[in-house]
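One structure is given here, and the rest of the page talks about it.
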Amino acid sequence: MGDVLILGEVKEGSLNIRTLELLGGGKKLADDLGVGLSVLLMGDAVSAVAEQAASYGPDRVYKLEHPLLKGFCADLWLASLEQACKKINPKIVLLNHSLIGMELGPRLACRLNTRLTTDCIDLSIDSEDGLLLRTKPVSGGNAISVFKCPGEPQLATVRGKVFDPAEAAGGKGEIVDMVPEIDESMIKVESIKVVEEEIVALDKADVVISGGAGLGDEDGFEILQDLSKALNKSFGNVMIGCTRVAVDKGWISSDHQVGLTGTMISPDIYVAVGISGAIQHLVGMIQSKKIIAINTDSGCNMFNVADYGIVEDYEKVVPALVKRLEELS
Amino acid sequence: MKELGIIVCAKQIPDPEAPLSDVSVNAENMEVVVDAPPVISPFDENALEVALQIKEELGAKVTVLSMGKKVSDTVLRKSLAAGADELILLQDDAFEKLDSHSIASALAGAIRKIGEFDLVLTGRQAGDWDSGQVGLILGEILGLPCISLAREIKIEDGSVLVKKNISEGYEQVRAKMPALVTVSNEVGELRYISRTKMLKMLRGVGSIPSWSAEDLGVSLETLEKMGIMVLSSPPNMGRDCQFIEGTPDEIADKLAAVFKSLR
Amino acid sequence: MTPYRNTFWQIENVWFFYALAALATGIFLAGMVAHICVWKKSARSLEVSFSWEALKRTILDTLLGRRVLLGEIAAGIMHLFLFWGFLSLLIGTAILCVHEWFFPFLKGTIYIVFSLTMEVGGIMFLVGIIWALIRRYIQRVPRLERRLEDALVPVLLLLVALSGFILEGLRLASHHPVWGVWSFVGGWMSAPFSAVTAEALYPYLWWGHVLLSLCFIAVIPFTKLFHIVGSPASIYFQGSGKPVTLDAEEETGEFDLGDSIFFDACMRCGRCVEVCPSAGAGEPFSPRDFVQAMHRDLWQEHSPLGDIRFLSRGEKIEVDDKFWYCTTCRACLEVCPIYGAAFEAVMKKRASAVEDGTNVPKLMNQTLEKLFRYDNPWESSKKNRGAWAEGMGLVDLAKRDAEVDLCYFVGCTTSFDDTAQGIALSFSKILQSAGINFGILGKKEPCCGDIARRAGELGLFVEQKEKCLDLFDKYDITDVVTSSPHCFHTFQNEYPDAPFRARHYTLVLRELIADGKLRFKNGVEAVITYHDPCYLGRYNRIFDEPREIIRSIPGVRLVEMAHYGADSLCCGGGGGRMWQELDGEVKMSHVRIMEAEASGAQILVTACPLCRIMLEDACKVAGLNESLRVMDLNELVLQALEV
């Protein structure tokens, strides 16, 4: 049919924000190509979510329900997705660059004998041949590359916050039921247990206060914590982030890490304390709406990307700021 | 019980630690030029460390595969100095700028040529193109159980037990070997290799086997290049920084006002 | 009546005594053989060079207890009492043996002198033991441990001494010889006994005394008493004070005879713990524990029976990777009575960790990797090494074929760290103003290898050394001045037969001042204290020169901190600690900065880039930067020139 097909991800019974973004981005590509937009949902019970997806105005919502699709088992999800793609024959398939997308993407590409580009930050259609132009940061963010690959479907995983999320539309897409042909024998990797850890969901934060090597020691994070508490009163979700160096030094756990091998974030306010601004860190936070940098080294790279800069010792400024914020509240 | 066979795929890349001033983009040749000596990609080093730990615990033969147009013997010998048993270089002019699928096919050819193995380990992604595909595609081509983003790997009764990263924490999974696992940095950094060990390995006799595309039985037509259309420096991320000056208290006042305005 | 003594008065079956004595001696000798076997097995070479110097030192230190007196006079006097008391009793017993077996001569005046000496020796011994027990268990001197062995050994000695005196008392009580007055302690002891009781009790007590004494001899090799033999050996082997030089051979990183003797002779006095800056900052490292662990490993490795010190066998000492905490500040060696260089042993232990590879902390691993790849521990690039000198108009020796008199070896930290760059800038300006024709190596300058050496990466150290030597040779460099005491120490002491002269800048500054090439115009009105960098002070005994320079600046009042000179406290940046992240209760630099504050100084001057960075950070963290400034000596001198 030559649709643009996106794989939906469900969180707590509804489509997650990343899926809405894909819907938004997918819609544009579909319009450019003059084809339809479809959403594919997998799970043991996804009827309600399928209804929700339909309300965002795609042309079709493919619903793959199967008891074995409960939870995420890569082998079964992959098999189902492969079968669905072969039936639907989409022109473009988009996945989130989430842990699920990162795992399914390459394997799906191999099975469909097509080429994937991961972690795209922009997608467009080459008007000449209708192929997907996939823009992706490479070399740790030191360069941006645009790839074009042959094969069908055109396959990409997309980084979060690249597209604006779709708005609920009046139109209602058709819900198509599909039954994946899967059974337990397809499970090559058996799940034994899932252990939930308290993970800092940095990408959910409205304000992130990050510390780097310039903090001097792990006690520095206590000062940042004070600021976090003070800001909490007037801003929703304030969290503590850090650079890789701070993790390497053992000052803070790695789930706080912002950047290429940590979390990619774009909060409303990003406060960088004692961070020099290595590229691997910058790529993770550069999308922040406002950036405030505090560093004693006036020449450091962080000031080049910041909206506000303070060249002063954070151990003086931050406590004073905390005091001031508390007085104001 | 026969000895475990572990294959580690390790890529040579320019040092990702190089400071910004040493990195430039050559748009014409579509290359990122890093003025720093090459290293083994950090996640691949993590994979090698896991392999060595398994070797120490259970005994295993660790074979390192490294592929490229030209692979530096001196860089990759580090893996031998660290304790790998065998290093095989996959070198061919045709291996330049290949796409992930073609790299995986060539690696698969090499692994089939090696024959017996129980575990293939790769890094979760390489530090040059940050694609994160080769490992999983390789697993698919070889028809192996694939596990991605491992933070801990154990071997038990012919199975590999892995703690893999998931968004909520980690998932404990198990797969029958042979299997393929992509490794994340949580498994731990590659052990330190002293200069004496390294020198011994560099001066040590014995040349490193090098296989070409032909040796691997890979026909050149099936190898596809990465379809790079444009390579550019990242857009100027710079913003006009407004510096807030004064005594700490004055700065605090002004900053508090900034926060208020952003609320 | 001639004064005399019947050695075996009232004793039957004297043969049994000799049998027991032979047994005790046998056990003693067997133990000694075990020690020597372990030493031999651990030695790389059995060639022991004879040195009069070492022998003289050993004799003097042992007899006068010089190293024990050092630092804690009370402990020293106590030890002298024990030592001389013990020695006179030992010699006395030997003389008695000669008297009994070869020619009896202890008669008359000779006997009285003999008896009196023994009496005084006994008293000294007794006083020593009681004093030792008081120090450990009542006064509870903090550095002393209270293990089972620490109680049993002095109690045994106490019993030997007491039983000896009571025995003498019993003998006097029975005989009441006129010369008894010379044995005054025995005389007092005799008071409660009648002649009959004394006579009846005497044999029992005699055997008791004999058993205790023989027991004492027998357990020497098996308890901390072994230090009686081990310490002089350690003083002989370890006390040369010469820095350990290394060559490319692999075994240089392994323990050798001297180390083994030191580990074996250590009797846990804890002086090293008291001065160790790491232990003092509440970090988990303790030189004593480290040495004890090495002692245990030594015996486990080289003795089939394991540690023969049976009382300490069950003790658990975990070293794992704590030896990465040591800053190699050398303070432990300053105070060790047997010249034990725990920090040298630490470096050897690190060398084996580096060879093994798995026990190298992550940051150290990265630092060494960076050092190898980019010739510095700071940045993954060589390019910015000379960046600080831009616009200074300095001669780059590697660029132009320039003739200069002096090569300024800037060093990694001074080249790359923003704070430390002040040292390079000010020193260059000083040299320029003094009209010195000097140059730097710019981008080409390698690392001297100090960090590699301290981290036990000996292969890398040798490579760095060769790099430096080749470069100096290439550019005909024969006179080198360094910013860092670390580079200076490495060049001076760890590049054997280096064909160039190396000096730390303090020596150059002092010379320039003495020659009148630097004149202070207005001076600095300030109270200043000086922090001795370990590698300048303790390692190279340069204590006075920097102080002379400071004093020569008009207006300056120099005060000292609580610890200074050889007693100075480490800033916490040496031994590779600068590039590691290891935590204690406080930072060493904080301890030091508080001392600086207490001294009343307005400026804390130091002469090392690492100290400069560590102390400045600590000063900021402690919130003292309003009242206390941290400066490098160069920065101070330049200020005095410019003002």
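Residue names in the structure tokens use chain letters A, B, ... in the order shown, residue numbers from 1 in each chain, and ligand numbers from 1 in the order shown.
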task: Using only C-alpha atoms, find the residues of chain B whose closest atom to chain A is at most 7 Å away, then write them as a count of residues only.
output: 47
Contacts of Phe50 in chain C at 10 Å or less, counting only C-alpha atoms, minus same-chain residues fewer than 3 places along, as a PDB file with C-alpha atoms, in the first residue's frame?
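Printed below is selection.pdb as written:
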```
ATOM      1  CA  GLU C  47      74.630 -10.623  46.938  1.00  0.00           C
ATOM      2  CA  GLU C  53      78.485   3.129  56.661  1.00  0.00           C
ATOM      3  CA  ALA C  54      75.526   0.795  57.023  1.00  0.00           C
ATOM      4  CA  LEU C  55      77.214  -1.140  59.809  1.00  0.00           C
ATOM      5  CA  TYR C 236      71.380  -2.167  57.797  1.00  0.00           C
ATOM      6  CA  PHE C 237      69.535  -2.892  54.557  1.00  0.00           C
TER       7      PHE C 237
END
```
task: Mind the document's chain letters and residue numbers, and return as a PyMOL selection string the residues of range 17-146 of chain B that DSSP labels alpha helix (DSSP H).
output: chain B and resi 42-58+73-82+100-114+134-142
Dump N, CA and C atoms for the selected residues as a short mmCIF file (atom, residue, chain, number, x, y, z; two decimals), in the first residue's frame?
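File result-v3.cif, as written:
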```
data_model
loop_
_atom_site.label_atom_id
_atom_site.label_comp_id
_atom_site.auth_asym_id
_atom_site.auth_seq_id
_atom_site.Cartn_x
_atom_site.Cartn_y
_atom_site.Cartn_z
N PRO B 42 35.44 2.23 22.52
CA PRO B 42 35.30 1.94 23.95
C PRO B 42 34.31 0.82 24.30
N PHE B 43 33.16 0.78 23.64
CA PHE B 43 32.20 -0.30 23.97
C PHE B 43 32.75 -1.67 23.56
N ASP B 44 33.56 -1.67 22.50
CA ASP B 44 34.17 -2.94 22.10
C ASP B 44 35.20 -3.39 23.13
N GLU B 45 35.86 -2.40 23.74
CA GLU B 45 36.79 -2.73 24.84
C GLU B 45 36.02 -3.33 26.00
N ASN B 46 34.83 -2.78 26.27
CA ASN B 46 33.99 -3.35 27.32
C ASN B 46 33.68 -4.81 26.99
N ALA B 47 33.35 -5.07 25.72
CA ALA B 47 33.03 -6.43 25.30
C ALA B 47 34.22 -7.36 25.51
N LEU B 48 35.41 -6.85 25.17
CA LEU B 48 36.62 -7.66 25.36
C LEU B 48 36.84 -7.96 26.84
N GLU B 49 36.59 -6.98 27.68
CA GLU B 49 36.78 -7.19 29.12
C GLU B 49 35.86 -8.32 29.61
N VAL B 50 34.61 -8.31 29.17
CA VAL B 50 33.70 -9.38 29.57
C VAL B 50 34.24 -10.73 29.13
N ALA B 51 34.70 -10.77 27.88
CA ALA B 51 35.23 -12.03 27.36
C ALA B 51 36.39 -12.52 28.21
N LEU B 52 37.26 -11.58 28.60
CA LEU B 52 38.43 -11.97 29.39
C LEU B 52 38.02 -12.44 30.78
N GLN B 53 36.99 -11.80 31.32
CA GLN B 53 36.52 -12.23 32.65
C GLN B 53 35.95 -13.64 32.58
N ILE B 54 35.21 -13.92 31.51
CA ILE B 54 34.67 -15.27 31.35
C ILE B 54 35.83 -16.26 31.19
N LYS B 55 36.81 -15.84 30.41
CA LYS B 55 37.98 -16.70 30.20
C LYS B 55 38.65 -17.03 31.53
N GLU B 56 38.80 -16.00 32.37
CA GLU B 56 39.46 -16.23 33.66
C GLU B 56 38.64 -17.16 34.55
N GLU B 57 37.33 -17.03 34.45
CA GLU B 57 36.49 -17.81 35.35
C GLU B 57 36.32 -19.24 34.85
N LEU B 58 36.07 -19.39 33.57
CA LEU B 58 35.70 -20.71 33.07
C LEU B 58 36.69 -21.28 32.06
N ASP B 73 47.66 -2.86 13.20
CA ASP B 73 48.14 -3.99 13.97
C ASP B 73 48.47 -3.56 15.41
N THR B 74 49.16 -2.41 15.53
CA THR B 74 49.60 -1.98 16.86
C THR B 74 48.43 -1.64 17.78
N VAL B 75 47.39 -1.07 17.22
CA VAL B 75 46.25 -0.72 18.06
C VAL B 75 45.55 -1.99 18.54
N LEU B 76 45.35 -2.91 17.60
CA LEU B 76 44.58 -4.10 17.94
C LEU B 76 45.36 -5.12 18.75
N ARG B 77 46.68 -5.04 18.69
CA ARG B 77 47.47 -5.98 19.50
C ARG B 77 47.21 -5.77 20.99
N LYS B 78 46.69 -4.63 21.30
CA LYS B 78 46.30 -4.37 22.68
C LYS B 78 45.39 -5.48 23.19
N SER B 79 44.52 -5.97 22.31
CA SER B 79 43.59 -7.02 22.74
C SER B 79 44.35 -8.29 23.12
N LEU B 80 45.41 -8.56 22.39
CA LEU B 80 46.23 -9.74 22.72
C LEU B 80 46.96 -9.52 24.04
N ALA B 81 47.49 -8.30 24.19
CA ALA B 81 48.20 -7.98 25.43
C ALA B 81 47.25 -8.09 26.61
N ALA B 82 45.99 -7.77 26.38
CA ALA B 82 45.02 -7.84 27.47
C ALA B 82 44.68 -9.27 27.82
N SER B 100 26.22 -0.76 7.62
CA SER B 100 26.20 -1.72 8.73
C SER B 100 25.93 -3.14 8.25
N HIS B 101 25.01 -3.25 7.30
CA HIS B 101 24.63 -4.58 6.84
C HIS B 101 25.81 -5.28 6.17
N SER B 102 26.56 -4.53 5.38
CA SER B 102 27.69 -5.14 4.68
C SER B 102 28.81 -5.51 5.66
N ILE B 103 29.01 -4.66 6.65
CA ILE B 103 30.02 -4.99 7.67
C ILE B 103 29.62 -6.28 8.37
N ALA B 104 28.34 -6.35 8.72
CA ALA B 104 27.86 -7.54 9.42
C ALA B 104 28.01 -8.77 8.54
N SER B 105 27.75 -8.64 7.24
CA SER B 105 27.88 -9.80 6.35
C SER B 105 29.32 -10.28 6.31
N ALA B 106 30.25 -9.31 6.22
CA ALA B 106 31.66 -9.69 6.16
C ALA B 106 32.08 -10.36 7.47
N LEU B 107 31.63 -9.77 8.59
CA LEU B 107 31.97 -10.37 9.89
C LEU B 107 31.38 -11.77 9.98
N ALA B 108 30.16 -11.92 9.47
CA ALA B 108 29.52 -13.23 9.51
C ALA B 108 30.35 -14.23 8.72
N GLY B 109 30.87 -13.74 7.55
CA GLY B 109 31.73 -14.61 6.75
C GLY B 109 32.94 -15.06 7.55
N ALA B 110 33.54 -14.12 8.28
CA ALA B 110 34.72 -14.45 9.07
C ALA B 110 34.36 -15.44 10.18
N ILE B 111 33.23 -15.22 10.81
CA ILE B 111 32.85 -16.09 11.93
C ILE B 111 32.53 -17.50 11.41
N ARG B 112 31.91 -17.57 10.26
CA ARG B 112 31.65 -18.90 9.68
C ARG B 112 32.95 -19.59 9.34
N LYS B 113 33.92 -18.79 8.89
CA LYS B 113 35.23 -19.36 8.55
C LYS B 113 35.92 -19.89 9.80
N ILE B 114 35.75 -19.17 10.89
CA ILE B 114 36.33 -19.65 12.15
C ILE B 114 35.67 -20.95 12.56
N VAL B 134 25.51 -3.05 13.78
CA VAL B 134 26.27 -4.20 13.27
C VAL B 134 26.06 -5.45 14.13
N GLY B 135 26.13 -5.30 15.44
CA GLY B 135 26.02 -6.46 16.32
C GLY B 135 24.73 -7.23 16.08
N LEU B 136 23.62 -6.53 16.12
CA LEU B 136 22.33 -7.20 16.01
C LEU B 136 22.12 -7.79 14.61
N ILE B 137 22.56 -7.05 13.58
CA ILE B 137 22.41 -7.60 12.22
C ILE B 137 23.25 -8.87 12.08
N LEU B 138 24.45 -8.81 12.65
CA LEU B 138 25.33 -9.97 12.62
C LEU B 138 24.63 -11.17 13.26
N GLY B 139 23.99 -10.94 14.38
CA GLY B 139 23.25 -12.01 15.06
C GLY B 139 22.16 -12.58 14.16
N GLU B 140 21.45 -11.68 13.48
CA GLU B 140 20.39 -12.12 12.57
C GLU B 140 20.96 -12.96 11.43
N ILE B 141 22.04 -12.46 10.84
CA ILE B 141 22.62 -13.18 9.70
C ILE B 141 23.06 -14.58 10.13
N LEU B 142 23.64 -14.66 11.31
CA LEU B 142 24.12 -15.96 11.78
C LEU B 142 23.00 -16.78 12.40
#
```
List the spatial neighbours of Leu257 in chain C as a tab-separated table (two decimals) with C-alpha atoms, in the first residue's frame - criterion: any atom at most 9 Å away, only C-alpha atoms, same-chain residues fewer than 2 positions off excluded.
```tsv
chain	number	residue	atom	x	y	z
C	39	TRP	CA	64.23	-13.63	53.26
C	40	LYS	CA	66.38	-15.65	50.95
C	41	LYS	CA	63.48	-16.85	48.88
C	42	SER	CA	62.14	-13.36	48.46
C	43	ALA	CA	65.50	-11.91	47.44
C	44	ARG	CA	66.20	-11.27	43.80
C	45	SER	CA	69.88	-11.59	44.41
C	46	LEU	CA	71.74	-12.97	47.35
C	237	PHE	CA	69.54	-2.89	54.56
C	255	PHE	CA	59.82	-6.93	46.47
C	259	ASP	CA	61.54	-5.00	51.67
C	260	SER	CA	61.11	-8.47	53.13
C	261	ILE	CA	63.30	-7.70	56.09
C	262	PHE	CA	61.39	-4.49	56.70
```
If you take only C-alpha atoms and a cut-off of 10 Å, which residues of chain C touch chain B, and what are their nearest atom pairs and distances in Å to one decimal, in chain and number order, as JSON lines?
```
{"residue": "C:Ala248", "atom": "CA", "partner": "B:Thr196", "partner_atom": "CA", "distance": 8.9}
{"residue": "C:Glu249", "atom": "CA", "partner": "B:Thr196", "partner_atom": "CA", "distance": 9.5}
{"residue": "C:Glu250", "atom": "CA", "partner": "B:Thr196", "partner_atom": "CA", "distance": 7.9}
{"residue": "C:Ala351", "atom": "CA", "partner": "B:Ser194", "partner_atom": "CA", "distance": 9.2}
{"residue": "C:Ser352", "atom": "CA", "partner": "B:Ser194", "partner_atom": "CA", "distance": 9.9}
{"residue": "C:Ala353", "atom": "CA", "partner": "B:Tyr192", "partner_atom": "CA", "distance": 9.0}
{"residue": "C:Val354", "atom": "CA", "partner": "B:Ser194", "partner_atom": "CA", "distance": 6.0}
{"residue": "C:Glu355", "atom": "CA", "partner": "B:Ser194", "partner_atom": "CA", "distance": 5.6}
{"residue": "C:Asp356", "atom": "CA", "partner": "B:Tyr192", "partner_atom": "CA", "distance": 7.8}
{"residue": "C:Gly357", "atom": "CA", "partner": "B:Tyr192", "partner_atom": "CA", "distance": 4.3}
{"residue": "C:Thr358", "atom": "CA", "partner": "B:Arg191", "partner_atom": "CA", "distance": 4.9}
{"residue": "C:Asn359", "atom": "CA", "partner": "B:Arg191", "partner_atom": "CA", "distance": 7.8}
{"residue": "C:Val360", "atom": "CA", "partner": "B:Tyr192", "partner_atom": "CA", "distance": 6.5}
{"residue": "C:Pro361", "atom": "CA", "partner": "B:Tyr192", "partner_atom": "CA", "distance": 8.9}
{"residue": "C:Lys362", "atom": "CA", "partner": "B:Glu189", "partner_atom": "CA", "distance": 7.1}
{"residue": "C:Met364", "atom": "CA", "partner": "B:Tyr192", "partner_atom": "CA", "distance": 8.9}
{"residue": "C:Asn365", "atom": "CA", "partner": "B:Tyr192", "partner_atom": "CA", "distance": 5.7}
{"residue": "C:Gln366", "atom": "CA", "partner": "B:Tyr192", "partner_atom": "CA", "distance": 8.5}
{"residue": "C:Leu368", "atom": "CA", "partner": "B:Tyr192", "partner_atom": "CA", "distance": 8.6}
{"residue": "C:Glu369", "atom": "CA", "partner": "B:Tyr192", "partner_atom": "CA", "distance": 8.2}
{"residue": "C:Lys370", "atom": "CA", "partner": "B:Glu17", "partner_atom": "CA", "distance": 9.4}
{"residue": "C:Phe372", "atom": "CA", "partner": "B:Arg195", "partner_atom": "CA", "distance": 8.5}
{"residue": "C:Arg373", "atom": "CA", "partner": "B:Pro37", "partner_atom": "CA", "distance": 7.9}
{"residue": "C:Tyr374", "atom": "CA", "partner": "B:Ala36", "partner_atom": "CA", "distance": 9.0}
{"residue": "C:Glu379", "atom": "CA", "partner": "B:Pro19", "partner_atom": "CA", "distance": 7.6}
{"residue": "C:Ser380", "atom": "CA", "partner": "B:Ala18", "partner_atom": "CA", "distance": 5.1}
{"residue": "C:Ser381", "atom": "CA", "partner": "B:Ala18", "partner_atom": "CA", "distance": 6.3}
{"residue": "C:Lys382", "atom": "CA", "partner": "B:Ala36", "partner_atom": "CA", "distance": 9.4}
{"residue": "C:Lys383", "atom": "CA", "partner": "B:Asp22", "partner_atom": "CA", "distance": 8.6}
{"residue": "C:Asn384", "atom": "CA", "partner": "B:Ser21", "partner_atom": "CA", "distance": 9.6}
{"residue": "C:Gly456", "atom": "CA", "partner": "B:Ser194", "partner_atom": "CA", "distance": 9.5}
{"residue": "C:Glu457", "atom": "CA", "partner": "B:Ser194", "partner_atom": "CA", "distance": 6.6}
{"residue": "C:Leu458", "atom": "CA", "partner": "B:Thr196", "partner_atom": "CA", "distance": 7.9}
{"residue": "C:Gly459", "atom": "CA", "partner": "B:Thr196", "partner_atom": "CA", "distance": 5.0}
{"residue": "C:Leu460", "atom": "CA", "partner": "B:Arg195", "partner_atom": "CA", "distance": 5.5}
{"residue": "C:Phe461", "atom": "CA", "partner": "B:Arg195", "partner_atom": "CA", "distance": 9.0}
{"residue": "C:Val462", "atom": "CA", "partner": "B:Arg195", "partner_atom": "CA", "distance": 9.4}
{"residue": "C:Glu463", "atom": "CA", "partner": "B:Arg195", "partner_atom": "CA", "distance": 8.6}
```
Since we have the selection now, will you write its residues out, keeping N, CA and C atoms, as a compact mmCIF listing (two decimals), in the first residue's frame?
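Result written to again_28.txt:
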```txt
# COMPACT_ATOMS: atom_id res chain seq x y z
N ALA C 248 64.93 -0.76 33.16
CA ALA C 248 63.84 -1.34 32.38
C ALA C 248 63.53 -2.79 32.77
N GLU C 249 64.39 -3.37 33.60
CA GLU C 249 64.14 -4.78 33.92
C GLU C 249 62.84 -4.93 34.71
N GLU C 250 62.18 -6.01 34.40
CA GLU C 250 60.86 -6.17 34.97
C GLU C 250 60.86 -6.33 36.49
N ALA C 351 52.96 -1.62 41.08
CA ALA C 351 53.58 -2.15 39.86
C ALA C 351 52.99 -3.52 39.54
N SER C 352 52.77 -4.33 40.55
CA SER C 352 52.22 -5.64 40.22
C SER C 352 50.74 -5.53 39.86
N ALA C 353 50.04 -4.56 40.45
CA ALA C 353 48.64 -4.35 40.06
C ALA C 353 48.57 -3.89 38.61
N VAL C 354 49.51 -3.03 38.22
CA VAL C 354 49.53 -2.52 36.85
C VAL C 354 49.86 -3.66 35.88
N GLU C 355 50.78 -4.52 36.27
CA GLU C 355 51.13 -5.64 35.40
C GLU C 355 49.93 -6.55 35.22
N ASP C 356 49.20 -6.77 36.32
CA ASP C 356 48.04 -7.64 36.27
C ASP C 356 46.89 -6.96 35.53
N GLY C 357 46.75 -5.67 35.78
CA GLY C 357 45.80 -4.89 35.01
C GLY C 357 44.40 -4.79 35.57
N THR C 358 43.98 -5.77 36.37
CA THR C 358 42.57 -5.77 36.79
C THR C 358 42.31 -4.93 38.04
N ASN C 359 43.37 -4.59 38.75
CA ASN C 359 43.16 -3.86 40.01
C ASN C 359 43.61 -2.41 39.91
N VAL C 360 43.52 -1.86 38.72
CA VAL C 360 43.88 -0.45 38.54
C VAL C 360 42.58 0.36 38.51
N PRO C 361 42.43 1.33 39.42
CA PRO C 361 41.18 2.09 39.42
C PRO C 361 40.92 2.76 38.07
N LYS C 362 39.65 2.90 37.76
CA LYS C 362 39.23 3.38 36.45
C LYS C 362 39.93 4.69 36.06
N MET C 364 42.68 5.95 37.17
CA MET C 364 44.12 5.75 37.02
C MET C 364 44.39 5.11 35.66
N ASN C 365 43.55 4.15 35.33
CA ASN C 365 43.63 3.48 34.04
C ASN C 365 43.55 4.52 32.92
N GLN C 366 42.57 5.40 33.01
CA GLN C 366 42.41 6.43 31.97
C GLN C 366 43.60 7.39 31.96
N LEU C 368 46.74 6.88 32.91
CA LEU C 368 47.96 6.27 32.36
C LEU C 368 47.84 6.11 30.85
N GLU C 369 46.64 5.76 30.43
CA GLU C 369 46.39 5.62 29.00
C GLU C 369 46.64 6.96 28.30
N LYS C 370 46.13 8.02 28.90
CA LYS C 370 46.29 9.35 28.34
C LYS C 370 47.77 9.74 28.34
N PHE C 372 50.32 7.84 28.19
CA PHE C 372 51.04 7.13 27.14
C PHE C 372 50.73 7.71 25.77
N ARG C 373 49.46 7.98 25.54
CA ARG C 373 49.07 8.39 24.19
C ARG C 373 49.39 9.85 23.90
N TYR C 374 49.26 10.69 24.92
CA TYR C 374 49.39 12.12 24.66
C TYR C 374 50.45 12.80 25.53
N GLU C 379 45.09 16.08 29.14
CA GLU C 379 44.26 16.30 27.96
C GLU C 379 44.59 15.30 26.87
N SER C 380 43.57 14.89 26.13
CA SER C 380 43.79 13.93 25.05
C SER C 380 44.31 14.62 23.80
N SER C 381 45.34 15.40 23.96
CA SER C 381 45.97 16.08 22.83
C SER C 381 47.28 16.67 23.33
N LYS C 382 48.26 16.74 22.42
CA LYS C 382 49.53 17.34 22.83
C LYS C 382 49.58 18.82 22.48
N LYS C 383 48.63 19.22 21.66
CA LYS C 383 48.76 20.52 20.98
C LYS C 383 48.81 21.72 21.91
N ASN C 384 48.04 21.64 22.97
CA ASN C 384 47.91 22.84 23.79
C ASN C 384 48.98 22.95 24.86
N GLY C 456 53.38 2.96 39.54
CA GLY C 456 53.89 1.61 39.36
C GLY C 456 53.92 1.17 37.90
N GLU C 457 53.70 2.13 36.97
CA GLU C 457 53.74 1.79 35.54
C GLU C 457 55.19 1.94 35.08
N LEU C 458 56.02 0.96 35.44
CA LEU C 458 57.45 1.13 35.26
C LEU C 458 57.86 1.13 33.79
N GLY C 459 57.17 0.33 33.00
CA GLY C 459 57.47 0.30 31.57
C GLY C 459 57.26 1.67 30.95
N LEU C 460 56.15 2.29 31.32
CA LEU C 460 55.84 3.62 30.79
C LEU C 460 56.84 4.64 31.32
N PHE C 461 57.23 4.49 32.58
CA PHE C 461 58.22 5.40 33.15
C PHE C 461 59.50 5.35 32.34
N VAL C 462 59.95 4.15 32.03
CA VAL C 462 61.19 4.01 31.28
C VAL C 462 61.05 4.64 29.89
N GLU C 463 59.89 4.46 29.29
CA GLU C 463 59.67 5.07 27.97
C GLU C 463 59.74 6.59 28.05
```
- request: Go through range 8-208 of chain B and collect every residue that DSSP, computed from the backbone, puts in strand (DSSP E); the answer should be as a VMD selection string.
  value: chain B and resid 8 to 9 12 to 14 23 to 26 31 to 34 38 to 40 60 to 68 86 to 91 119 to 123 146 to 156 159 to 166 169 to 176 179 to 183
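CA of Gly143 in chain B is found 25.3 Å from CA of Asp92 in chain B.
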Please report as JSON lines every residue of chain A lying within 10 Å of chain C, along with the nearest atom pair and their distance in Å (one decimal), using only C-alpha atoms.
```
{"residue": "A:Gly216", "atom": "CA", "partner": "C:Asp617", "partner_atom": "CA", "distance": 7.9}
{"residue": "A:Asp217", "atom": "CA", "partner": "C:Glu581", "partner_atom": "CA", "distance": 8.3}
{"residue": "A:Glu218", "atom": "CA", "partner": "C:Asp583", "partner_atom": "CA", "distance": 9.5}
{"residue": "A:Gly220", "atom": "CA", "partner": "C:Val621", "partner_atom": "CA", "distance": 9.9}
{"residue": "A:Val245", "atom": "CA", "partner": "C:Leu363", "partner_atom": "CA", "distance": 9.6}
{"residue": "A:Asp248", "atom": "CA", "partner": "C:Leu363", "partner_atom": "CA", "distance": 7.1}
{"residue": "A:Lys249", "atom": "CA", "partner": "C:Glu581", "partner_atom": "CA", "distance": 5.7}
{"residue": "A:Gly250", "atom": "CA", "partner": "C:Glu581", "partner_atom": "CA", "distance": 7.5}
{"residue": "A:Trp251", "atom": "CA", "partner": "C:Glu581", "partner_atom": "CA", "distance": 8.7}
{"residue": "A:Asp297", "atom": "CA", "partner": "C:Asp418", "partner_atom": "CA", "distance": 8.4}
{"residue": "A:Asp313", "atom": "CA", "partner": "C:Lys620", "partner_atom": "CA", "distance": 8.5}
{"residue": "A:Glu315", "atom": "CA", "partner": "C:Val621", "partner_atom": "CA", "distance": 7.5}
{"residue": "A:Lys316", "atom": "CA", "partner": "C:Gly623", "partner_atom": "CA", "distance": 8.8}
```
